[in-house]
>>> print(open('my_file34.txt').read())   # compact mmCIF, C-alpha atoms
# COMPACT_ATOMS: atom_id res chain seq x y z
CA MET V 4 11.21 132.15 108.38
CA THR V 5 7.47 132.69 108.20
CA PRO V 6 6.55 134.50 104.98
CA ALA V 7 4.42 137.29 106.35
CA PHE V 8 1.37 136.89 104.19
CA SER V 9 -1.61 139.17 104.59
CA PRO V 10 -4.54 137.84 106.64
CA TRP V 11 -6.76 137.51 103.56
CA LEU V 12 -4.19 135.30 101.85
CA ASN V 13 -3.94 133.13 104.96
CA THR V 14 -7.72 132.74 104.96
CA LEU V 15 -7.64 131.82 101.27
CA LEU V 16 -4.96 129.21 101.97
CA ASP V 17 -7.13 127.73 104.72
CA GLY V 18 -10.00 127.47 102.25
CA ALA V 19 -7.67 125.87 99.72
CA LEU V 20 -6.61 123.31 102.34
CA PHE V 21 -10.28 122.49 102.96
CA VAL V 22 -10.98 122.00 99.24
CA MET V 23 -7.90 119.78 98.93
CA LEU V 24 -9.20 117.68 101.79
CA LEU V 25 -12.57 117.39 100.01
CA SER V 26 -10.88 116.24 96.80
CA LEU V 27 -8.86 113.68 98.78
CA LEU V 28 -12.12 112.32 100.18
CA LEU V 29 -13.67 112.16 96.69
CA VAL V 30 -10.69 110.21 95.37
CA ALA V 31 -10.83 107.91 98.39
CA TRP V 32 -14.48 107.23 97.54
CA ARG V 33 -13.43 106.05 94.07
CA LEU V 34 -10.70 103.96 95.68
CA TRP V 35 -13.34 102.32 97.86
CA ARG V 36 -15.91 101.78 95.12
CA GLY V 37 -13.89 101.25 91.94
CA PRO V 38 -15.30 98.31 89.98
CA ASP V 39 -11.96 97.13 88.62
CA ALA V 40 -8.45 96.97 90.01
CA VAL V 41 -7.35 99.50 87.37
CA ASP V 42 -9.81 102.04 88.78
CA ARG V 43 -8.49 101.45 92.28
CA LEU V 44 -4.91 101.82 91.08
CA LEU V 45 -5.78 105.04 89.26
CA ALA V 46 -7.43 106.38 92.41
CA LEU V 47 -4.34 105.44 94.44
CA ASP V 48 -2.09 107.27 91.98
CA THR V 49 -4.33 110.34 92.19
CA LEU V 50 -4.26 110.06 95.97
CA TYR V 51 -0.45 110.24 95.93
CA LEU V 52 -0.55 113.29 93.65
CA ASN V 53 -3.19 115.04 95.77
CA ALA V 54 -1.30 114.32 98.97
CA ALA V 55 1.78 115.96 97.48
CA SER V 56 -0.25 119.04 96.49
CA LEU V 57 -1.84 119.15 99.95
CA LEU V 58 1.68 119.24 101.40
CA LEU V 59 2.56 122.12 99.06
CA VAL V 60 -0.41 124.20 100.23
CA TRP V 61 0.35 123.27 103.83
CA ASP V 62 3.92 124.53 103.38
CA LEU V 63 2.59 127.86 102.12
CA ARG V 64 0.30 128.18 105.14
CA HIS V 65 2.53 126.78 107.91
CA PRO V 66 6.12 126.83 106.65
CA MET V 67 8.38 124.18 108.05
CA PRO V 68 11.58 122.57 106.78
CA LEU V 69 11.66 119.26 104.90
CA LEU V 70 8.05 119.43 103.69
CA PHE V 71 9.19 119.70 100.07
CA GLU V 72 11.43 116.71 100.50
CA ALA V 73 8.44 114.82 101.88
CA ALA V 74 6.37 115.83 98.84
CA LEU V 75 9.17 114.71 96.53
CA MET V 76 9.37 111.35 98.29
CA ILE V 77 5.60 110.92 98.02
CA THR V 78 5.60 111.56 94.27
CA ALA V 79 8.61 109.29 93.69
CA LEU V 80 7.19 106.40 95.70
CA GLY V 81 3.79 106.90 94.07
CA PHE V 82 5.28 106.64 90.58
CA VAL V 83 7.28 103.51 91.42
CA GLY V 84 4.31 101.82 93.08
CA THR V 85 1.87 102.72 90.29
CA THR V 86 4.29 101.53 87.61
CA ALA V 87 4.94 98.20 89.29
CA ALA V 88 1.27 97.53 90.03
CA ALA V 89 0.17 98.53 86.50
CA ARG V 90 2.79 96.22 84.99
CA TYR V 91 1.55 93.44 87.22
CA LEU V 92 -2.07 94.04 86.27
CA ALA V 93 -1.20 94.17 82.56
CA ARG V 94 0.92 91.04 82.24
CA HIS V 95 1.04 89.32 85.63
CA ALA V 96 4.74 90.01 85.97
CA VAL V 97 6.56 93.11 87.13
CA ILE V 98 9.81 92.32 85.31
CA GLU V 99 9.89 89.98 82.33
CA MET O 103 7.10 140.86 103.95
CA VAL O 104 5.72 139.76 100.62
CA SER O 105 4.60 142.63 98.43
CA GLN O 106 0.96 143.03 97.47
CA ALA O 107 1.26 142.21 93.77
CA TRP O 108 3.11 138.98 94.43
CA GLU O 109 0.48 138.05 96.99
CA TRP O 110 -2.22 138.46 94.35
CA LEU O 111 -0.22 136.26 91.99
CA ILE O 112 0.24 133.58 94.67
CA ALA O 113 -3.48 133.72 95.46
CA GLY O 114 -4.40 133.30 91.79
CA CYS O 115 -2.08 130.34 91.33
CA VAL O 116 -3.30 128.64 94.52
CA LEU O 117 -6.93 129.18 93.50
CA ALA O 118 -6.34 127.75 90.02
CA GLY O 119 -4.37 124.78 91.36
CA THR O 120 -7.01 123.92 93.95
CA PHE O 121 -9.75 124.28 91.36
CA PHE O 122 -8.08 121.93 88.88
CA THR O 123 -7.29 119.36 91.56
CA PHE O 124 -10.91 119.42 92.70
CA VAL O 125 -12.13 119.11 89.11
CA GLY O 126 -9.88 116.09 88.68
CA ALA O 127 -11.32 114.48 91.80
CA ILE O 128 -14.89 115.14 90.64
CA GLY O 129 -14.11 113.73 87.20
CA LEU O 130 -12.67 110.60 88.76
CA ASN O 131 -16.07 110.03 90.35
CA ARG O 132 -18.36 111.17 87.57
CA PHE O 133 -16.97 109.56 84.43
CA ARG O 134 -18.52 106.28 83.35
CA ASP O 135 -15.79 103.77 82.58
CA ALA O 136 -12.11 103.28 83.27
CA PHE O 137 -10.88 104.77 80.00
CA GLN O 138 -12.84 107.99 80.56
CA ARG O 139 -11.73 108.09 84.17
CA LEU O 140 -8.11 108.06 83.04
CA HIS O 141 -8.60 111.58 81.68
CA ALA O 142 -9.55 113.34 84.89
CA PRO O 143 -6.57 112.87 87.23
CA THR O 144 -3.84 112.57 84.63
CA LYS O 145 -4.53 115.95 83.09
CA ALA O 146 -6.50 118.08 85.53
CA SER O 147 -4.64 117.05 88.68
CA THR O 148 -1.25 117.38 86.99
CA LEU O 149 -2.17 120.89 85.93
CA GLY O 150 -3.34 121.59 89.48
CA ILE O 151 -0.12 120.48 91.10
CA GLY O 152 1.76 122.53 88.49
CA MET O 153 -0.10 125.70 89.47
CA LEU O 154 0.51 125.01 93.17
CA LEU O 155 4.22 124.51 92.45
CA ILE O 156 4.32 127.86 90.62
CA ALA O 157 2.72 129.48 93.68
CA SER O 158 5.20 127.96 96.11
CA MET O 159 8.11 128.85 93.81
CA ILE O 160 6.99 132.50 93.88
CA ALA O 161 6.74 132.32 97.68
CA ALA O 162 10.22 130.78 97.91
CA TRP O 163 11.71 133.53 95.73
CA GLN O 164 10.05 136.16 97.91
CA GLU O 165 11.70 134.59 100.97
CA GLY O 166 15.06 134.56 99.20
CA ARG O 167 15.34 130.79 98.69
CA PRO O 168 16.23 129.54 95.21
CA GLY O 169 13.42 126.98 95.14
CA PHE O 170 15.27 124.01 93.68
CA ALA O 171 13.07 121.45 95.45
CA GLU O 172 9.96 122.90 93.80
CA LEU O 173 11.64 122.74 90.40
CA LEU O 174 12.64 119.14 91.06
CA ILE O 175 9.08 118.16 92.01
CA THR O 176 7.77 119.91 88.87
CA LEU O 177 10.17 118.05 86.61
CA PHE O 178 9.46 114.73 88.27
CA VAL O 179 5.67 115.03 88.23
CA PHE O 180 5.52 116.25 84.64
CA LEU O 181 7.83 113.47 83.47
CA THR O 182 6.20 110.60 85.34
CA ALA O 183 2.47 111.38 85.07
CA PRO O 184 2.16 110.49 81.34
CA VAL O 185 4.21 107.32 81.85
CA SER O 186 2.00 106.03 84.64
CA ALA O 187 -1.15 107.03 82.73
CA SER O 188 0.05 105.07 79.69
CA LEU O 189 0.83 102.02 81.81
CA LEU O 190 -2.60 102.22 83.44
CA ALA O 191 -4.24 102.42 80.00
CA GLN O 192 -2.28 99.34 78.89
CA ALA O 193 -3.43 97.49 82.00
CA ALA O 194 -7.05 98.49 81.33
CA ILE O 195 -6.78 97.23 77.74
CA ARG O 196 -5.26 93.94 78.82
CA ARG O 197 -7.91 93.40 81.46
CA ARG O 198 -10.68 94.18 78.91
CA CYS O 199 -12.28 96.87 81.01
CA LYS O 200 -15.65 98.24 79.91
CA GLY O 201 -15.41 100.92 77.22
CA GLY O 202 -12.15 99.72 75.74
CA PRO O 203 -11.27 98.74 72.19
CA PRO O 204 -12.60 95.41 70.88
CA PRO O 205 -10.31 92.41 71.31
CA PRO O 206 -8.10 91.61 68.32
CA PRO O 207 -9.33 88.89 65.91
CA ALA O 208 -8.16 85.37 66.58
CA PRO O 209 -5.19 84.21 64.47
CA PRO O 210 -5.98 81.76 61.67
CA PRO O 211 -5.60 78.10 62.59
CA ILE O 212 -2.40 76.37 61.60
CA LYS O 213 -2.82 73.29 59.41
CA ARG O 214 -1.25 69.96 60.19
CA ASP O 215 1.60 70.43 57.69
CA GLY O 216 2.54 73.77 59.21
CA SER O 217 1.20 76.06 56.45
CA THR O 218 -1.34 78.80 57.13
CA PRO O 219 -4.26 79.36 54.78
>>> encode(input="my_file34.txt", output="structure tokens")
Amino acid sequence: MTPAFSPWLNTLLDGALFVMLLSLLLVAWRLWRGPDAVDRLLALDTLYLNAASLLLVWDLRHPMPLLFEAALMITALGFVGTTAAARYLARHAVIE
Amino acid sequence: MVSQAWEWLIAGCVLAGTFFTFVGAIGLNRFRDAFQRLHAPTKASTLGIGMLLIASMIAAWQEGRPGFAELLITLFVFLTAPVSASLLAQAAIRRRCKGGPPPPPAPPPIKRDGSTP
């Protein structure tokens, strides 16, 4: 099951995981600080997207079943949540 | 065992995807107002997750899996990212965030007999 990558590629994937973690922290900083609710919502949407990409890199490094389904669920729920919250922020109603 | 050339390709795609995701996160912190900040994640991070999906599709083909889940995530992300970005821009316009377009002019007053000047 494990794709036998070379050691240098495994090291590179570890570095990529670290950089993804850094970018998650940067986005979380914007989520904490954002002056308007739109900024916070944008940071939350980016956080969903980055979490899905972190799961993709994690699946390359430590393969396990159902990680792609988890990433798909994260992107789907992120889109639905962002859409509903943006509609609410724009016109104070989700469905008119 | 994954062959050497495919490993180089996977490494390049992972590097590019991580780079673009990181650039998107930096841009989200460095841009000045909400309308500029919309640029960073909606384009750079979408490109980053696209490169990572290419890398994991190559890895899945090397293992012998078809990689349908990766293709599904690609389609979903690339269809929904512009929609949510557009909705966020609409919300920023409605909330009169800093850096947006000026508000539209007020409509002319209606006279008592119902006619407009």
>>> interface_residues(input="my_file34.txt", of="chain O", to="chain V", cutoff="7 Å", atoms="all atoms listed in the file", output="mmCIF file with C-alpha atoms, in the frame of the given file")
data_model
loop_
_atom_site.group_PDB
_atom_site.id
_atom_site.type_symbol
_atom_site.label_atom_id
_atom_site.label_comp_id
_atom_site.auth_asym_id
_atom_site.auth_seq_id
_atom_site.Cartn_x
_atom_site.Cartn_y
_atom_site.Cartn_z
ATOM 1 C CA MET O 103 7.100 140.860 103.950
ATOM 2 C CA VAL O 104 5.720 139.760 100.620
ATOM 3 C CA ALA O 113 -3.480 133.720 95.460
ATOM 4 C CA THR O 120 -7.010 123.920 93.950
ATOM 5 C CA PHE O 124 -10.910 119.420 92.700
ATOM 6 C CA ALA O 127 -11.320 114.480 91.800
ATOM 7 C CA ILE O 128 -14.890 115.140 90.640
ATOM 8 C CA LEU O 130 -12.670 110.600 88.760
ATOM 9 C CA ASN O 131 -16.070 110.030 90.350
ATOM 10 C CA ALA O 136 -12.110 103.280 83.270
ATOM 11 C CA PRO O 143 -6.570 112.870 87.230
ATOM 12 C CA ILE O 151 -0.120 120.480 91.100
ATOM 13 C CA LEU O 154 0.510 125.010 93.170
ATOM 14 C CA SER O 158 5.200 127.960 96.110
ATOM 15 C CA GLU O 165 11.700 134.590 100.970
ATOM 16 C CA ALA O 171 13.070 121.450 95.450
ATOM 17 C CA ILE O 175 9.080 118.160 92.010
ATOM 18 C CA VAL O 179 5.670 115.030 88.230
ATOM 19 C CA THR O 182 6.200 110.600 85.340
ATOM 20 C CA SER O 186 2.000 106.030 84.640
ATOM 21 C CA LEU O 189 0.830 102.020 81.810
ATOM 22 C CA LEU O 190 -2.600 102.220 83.440
ATOM 23 C CA GLN O 192 -2.280 99.340 78.890
ATOM 24 C CA ALA O 193 -3.430 97.490 82.000
ATOM 25 C CA ALA O 194 -7.050 98.490 81.330
ATOM 26 C CA ARG O 196 -5.260 93.940 78.820
ATOM 27 C CA ARG O 197 -7.910 93.400 81.460
#
>>> closest_residue(input="my_file34.txt", among="O:Leu111, O:Ala191, O:Leu174, O:Ala146", to="Ile160 (chain O)", atoms="only C-alpha atoms")
O:Leu111
>>> closest_residue(input="my_file34.txt", among="V:Ala54, V:Val97, V:Leu47, V:Leu80", to="Thr123 (chain O)", atoms="only C-alpha atoms")
V:Ala54
>>> residues_around(input="my_file34.txt", residues="Gly150 (chain O)", least_positions_apart="3", cutoff="6 Å", atoms="all atoms listed in the file", output="list in words")
Gly119, Phe122, Thr123, Ser147 and Met153 of chain O
>>> atom_distance(input="my_file34.txt", atom1="CA of Leu140 (chain O)", atom2="CA of Ala118 (chain O)")
21.0 Å
>>> atom_distance(input="my_file34.txt", atom1="CA of Gly152 (chain O)", atom2="CA of Gly114 (chain O)")
12.8 Å
>>> closest_residue(input="my_file34.txt", among="O:Pro206, O:Met159, O:Gln164, O:Ala142", to="Gln106 (chain O)", atoms="only C-alpha atoms")
O:Gln164
>>> closest_residue(input="my_file34.txt", among="O:Phe178, O:Asp135, O:Ala157, O:Thr148", to="Val116 (chain O)", atoms="all atoms listed in the file")
O:Ala157
>>> atom_distance(input="my_file34.txt", atom1="CA of Cys115 (chain O)", atom2="CA of Ser188 (chain O)")
27.9 Å
>>> axis_aligned_box(input="my_file34.txt", around="region 61-68 of chain V", padding_each_side="3 Å", output="lines of an AutoDock Vina configuration file")
center_x = 5.9
center_y = 125.4
center_z = 105.1
size_x = 17.3
size_y = 11.6
size_z = 11.9
>>> closest_residue(input="my_file34.txt", among="O:Glu172, O:Pro205, O:Thr144, O:Pro211", to="Ala187 (chain O)", atoms="only C-alpha atoms")
O:Thr144
>>> closest_residue(input="my_file34.txt", among="O:Gly216, O:Pro210, O:Phe137, O:Trp163", to="Arg198 (chain O)", atoms="all atoms listed in the file")
O:Phe137
